[in-house]
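Right, one structure below, let's go through it.
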Amino acid sequence: MPEICRFYGIVIRMFYDDHSPPHFHAEYSGLRAEVSIDTLRVTKGRLTPRAERMVLE
C-alpha cells in the first residue's frame with residue numbers, strides 16, 4: 001500500500017483503485033482507521049483521540 005505521509009508515528013496510506021467511497025487509511029500504535037475524504041470522518045476502525053485529531057487536521 002503506497003504511503004502518502006508519516007508524522008508523529010502516524011502513517012497515512014491509500015490504495016489505488018480501492019472500494020468506494022474515496023478514503024485513506026491511518027495507522028498509529030497498532031490501531032487502524034479508514035477516513036472518508038469527503039466528510040473527514042472515521043468510517044471504520046479507530047485511533048486514539050489525539051491521533052484522530054491530528055489526522056483530521
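Chain labels run A, B, ... following the order of the C-alpha cells; each chain numbers its residues from 1, and ligands are numbered from 1 in the order shown.
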Within 10 Å of A:Pro22, counting only C-alpha atoms, which residues show up once you throw out same-chain ones fewer than 2 positions away? Write them as a PDB file with C-alpha atoms, in the first residue's frame, please.
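So out29.pdb came out as:
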```
ATOM      1  CA  MET A  14      -4.021   4.974   0.134  1.00  0.00           C
ATOM      2  CA  PHE A  15      -4.781   2.064  -2.168  1.00  0.00           C
ATOM      3  CA  ASP A  17      -8.484   1.557  -7.132  1.00  0.00           C
ATOM      4  CA  ASP A  18      -9.799   0.736  -3.614  1.00  0.00           C
ATOM      5  CA  HIS A  19     -13.518   0.407  -2.835  1.00  0.00           C
ATOM      6  CA  SER A  20     -15.858   3.430  -2.659  1.00  0.00           C
ATOM      7  CA  PHE A  24      -7.463   6.859   3.186  1.00  0.00           C
ATOM      8  CA  GLU A  34     -10.362   4.372   7.419  1.00  0.00           C
ATOM      9  CA  VAL A  35     -11.194   8.047   6.949  1.00  0.00           C
ATOM     10  CA  SER A  36     -13.635   9.326   4.323  1.00  0.00           C
ATOM     11  CA  ILE A  37     -12.094  12.048   2.173  1.00  0.00           C
ATOM     12  CA  ASP A  38     -15.466  13.729   1.516  1.00  0.00           C
ATOM     13  CA  THR A  39     -16.615  14.025   5.135  1.00  0.00           C
TER      14      THR A  39
END
```
So which residues touch stretch 25-30 of chain A within 7 Å, counting only C-alpha atoms, skipping near sequence neighbours fewer than 6 positions away, as a PDB file with C-alpha atoms, in the first residue's frame?
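Output file part22.pdb is given in full below:
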```pdb
ATOM      1  CA  GLY A   9       4.266   7.974  14.369  1.00  0.00           C
ATOM      2  CA  ILE A  10       1.048   8.201  12.312  1.00  0.00           C
ATOM      3  CA  VAL A  11       1.161   6.630   8.849  1.00  0.00           C
ATOM      4  CA  ILE A  12      -1.297   7.664   6.104  1.00  0.00           C
ATOM      5  CA  ARG A  13      -1.759   5.290   3.170  1.00  0.00           C
ATOM      6  CA  MET A  14      -4.021   4.974   0.134  1.00  0.00           C
ATOM      7  CA  LEU A  47      -7.382   5.716  16.518  1.00  0.00           C
TER       8      LEU A  47
END
```
**OP:** Enumerate the residues of stretch 19-56 of chain A with a DSSP assignment of strand (DSSP E), computed from the backbone, and present them as a PyMOL selection string.
**Re:** chain A and resi 23-28+31-36+42-45
The selected residues should be written to file as a PDB file, in the first residue's frame (atoms: N, CA and C atoms).
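Result file selection_5.pdb:
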```pdb
ATOM      1  N   HIS A  23     -11.377   7.181   0.319  1.00  0.00           N
ATOM      2  CA  HIS A  23     -10.920   7.227   1.709  1.00  0.00           C
ATOM      3  C   HIS A  23      -9.420   6.982   1.771  1.00  0.00           C
ATOM      4  N   PHE A  24      -8.858   7.215   2.949  1.00  0.00           N
ATOM      5  CA  PHE A  24      -7.463   6.859   3.186  1.00  0.00           C
ATOM      6  C   PHE A  24      -7.389   6.068   4.480  1.00  0.00           C
ATOM      7  N   HIS A  25      -6.280   5.395   4.669  1.00  0.00           N
ATOM      8  CA  HIS A  25      -6.061   4.566   5.848  1.00  0.00           C
ATOM      9  C   HIS A  25      -5.046   5.258   6.752  1.00  0.00           C
ATOM     10  N   ALA A  26      -5.325   5.296   8.035  1.00  0.00           N
ATOM     11  CA  ALA A  26      -4.410   5.862   9.017  1.00  0.00           C
ATOM     12  C   ALA A  26      -4.066   4.782  10.037  1.00  0.00           C
ATOM     13  N   GLU A  27      -2.803   4.738  10.440  1.00  0.00           N
ATOM     14  CA  GLU A  27      -2.357   3.752  11.418  1.00  0.00           C
ATOM     15  C   GLU A  27      -1.494   4.446  12.464  1.00  0.00           C
ATOM     16  N   TYR A  28      -1.744   4.095  13.722  1.00  0.00           N
ATOM     17  CA  TYR A  28      -0.960   4.660  14.818  1.00  0.00           C
ATOM     18  C   TYR A  28      -0.952   3.682  15.978  1.00  0.00           C
ATOM     19  N   LEU A  31      -3.218   0.695  16.030  1.00  0.00           N
ATOM     20  CA  LEU A  31      -4.626   0.960  15.726  1.00  0.00           C
ATOM     21  C   LEU A  31      -4.738   1.409  14.282  1.00  0.00           C
ATOM     22  N   ARG A  32      -5.853   1.054  13.646  1.00  0.00           N
ATOM     23  CA  ARG A  32      -6.063   1.411  12.239  1.00  0.00           C
ATOM     24  C   ARG A  32      -7.445   1.992  12.049  1.00  0.00           C
ATOM     25  N   ALA A  33      -7.545   2.906  11.094  1.00  0.00           N
ATOM     26  CA  ALA A  33      -8.835   3.525  10.787  1.00  0.00           C
ATOM     27  C   ALA A  33      -8.884   3.878   9.310  1.00  0.00           C
ATOM     28  N   GLU A  34     -10.106   3.857   8.753  1.00  0.00           N
ATOM     29  CA  GLU A  34     -10.362   4.372   7.419  1.00  0.00           C
ATOM     30  C   GLU A  34     -11.062   5.701   7.600  1.00  0.00           C
ATOM     31  N   VAL A  35     -10.625   6.708   6.829  1.00  0.00           N
ATOM     32  CA  VAL A  35     -11.194   8.047   6.949  1.00  0.00           C
ATOM     33  C   VAL A  35     -11.735   8.465   5.591  1.00  0.00           C
ATOM     34  N   SER A  36     -13.004   8.855   5.551  1.00  0.00           N
ATOM     35  CA  SER A  36     -13.635   9.326   4.323  1.00  0.00           C
ATOM     36  C   SER A  36     -13.022  10.659   3.919  1.00  0.00           C
ATOM     37  N   VAL A  42     -14.130   9.177  10.501  1.00  0.00           N
ATOM     38  CA  VAL A  42     -13.656   7.798  10.576  1.00  0.00           C
ATOM     39  C   VAL A  42     -14.837   6.892  10.243  1.00  0.00           C
ATOM     40  N   THR A  43     -14.682   6.074   9.212  1.00  0.00           N
ATOM     41  CA  THR A  43     -15.764   5.192   8.779  1.00  0.00           C
ATOM     42  C   THR A  43     -15.573   3.752   9.239  1.00  0.00           C
ATOM     43  N   LYS A  44     -14.344   3.420   9.618  1.00  0.00           N
ATOM     44  CA  LYS A  44     -14.063   2.047  10.034  1.00  0.00           C
ATOM     45  C   LYS A  44     -12.837   2.070  10.935  1.00  0.00           C
ATOM     46  N   GLY A  45     -12.857   1.290  11.989  1.00  0.00           N
ATOM     47  CA  GLY A  45     -11.722   1.206  12.893  1.00  0.00           C
ATOM     48  C   GLY A  45     -11.690   2.387  13.851  1.00  0.00           C
TER      49      GLY A  45
END
```
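Between atom CA of A:Arg41 and atom CA of A:Val55 the interatomic distance comes to 10.2 Å.
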Original post:
Using the chain letters and numbers from this document, which residues of chain A does DSSP assign to alpha helix (DSSP H), as a ChimeraX atom specification?
Top reply: /A:49-56
Suppose we keep N, CA, C and O atoms; can you now write the selection as a PDB file, in the first residue's frame?
```
ATOM      1  N   PRO A  49      -7.797   9.303  20.501  1.00  0.00           N
ATOM      2  CA  PRO A  49      -8.385  10.629  20.250  1.00  0.00           C
ATOM      3  C   PRO A  49      -7.358  11.660  19.760  1.00  0.00           C
ATOM      4  O   PRO A  49      -7.627  12.430  18.842  1.00  0.00           O
ATOM      5  N   ARG A  50      -6.178  11.654  20.343  1.00  0.00           N
ATOM      6  CA  ARG A  50      -5.144  12.611  19.935  1.00  0.00           C
ATOM      7  C   ARG A  50      -4.694  12.362  18.496  1.00  0.00           C
ATOM      8  O   ARG A  50      -4.561  13.299  17.698  1.00  0.00           O
ATOM      9  N   ALA A  51      -4.453  11.102  18.141  1.00  0.00           N
ATOM     10  CA  ALA A  51      -4.034  10.764  16.776  1.00  0.00           C
ATOM     11  C   ALA A  51      -5.144  11.099  15.777  1.00  0.00           C
ATOM     12  O   ALA A  51      -4.875  11.628  14.699  1.00  0.00           O
ATOM     13  N   GLU A  52      -6.388  10.834  16.146  1.00  0.00           N
ATOM     14  CA  GLU A  52      -7.502  11.143  15.248  1.00  0.00           C
ATOM     15  C   GLU A  52      -7.587  12.646  14.982  1.00  0.00           C
ATOM     16  O   GLU A  52      -7.770  13.078  13.851  1.00  0.00           O
ATOM     17  N   ARG A  53      -7.410  13.458  16.021  1.00  0.00           N
ATOM     18  CA  ARG A  53      -7.447  14.926  15.835  1.00  0.00           C
ATOM     19  C   ARG A  53      -6.332  15.375  14.882  1.00  0.00           C
ATOM     20  O   ARG A  53      -6.567  16.213  14.006  1.00  0.00           O
ATOM     21  N   MET A  54      -5.140  14.807  15.023  1.00  0.00           N
ATOM     22  CA  MET A  54      -4.033  15.200  14.153  1.00  0.00           C
ATOM     23  C   MET A  54      -4.287  14.761  12.708  1.00  0.00           C
ATOM     24  O   MET A  54      -3.992  15.509  11.776  1.00  0.00           O
ATOM     25  N   VAL A  55      -4.827  13.581  12.522  1.00  0.00           N
ATOM     26  CA  VAL A  55      -5.121  13.090  11.179  1.00  0.00           C
ATOM     27  C   VAL A  55      -6.170  13.966  10.515  1.00  0.00           C
ATOM     28  O   VAL A  55      -6.034  14.353   9.352  1.00  0.00           O
ATOM     29  N   LEU A  56      -7.221  14.306  11.227  1.00  0.00           N
ATOM     30  CA  LEU A  56      -8.301  15.091  10.644  1.00  0.00           C
ATOM     31  C   LEU A  56      -7.897  16.542  10.388  1.00  0.00           C
ATOM     32  O   LEU A  56      -8.456  17.203   9.522  1.00  0.00           O
TER      33      LEU A  56
END
```
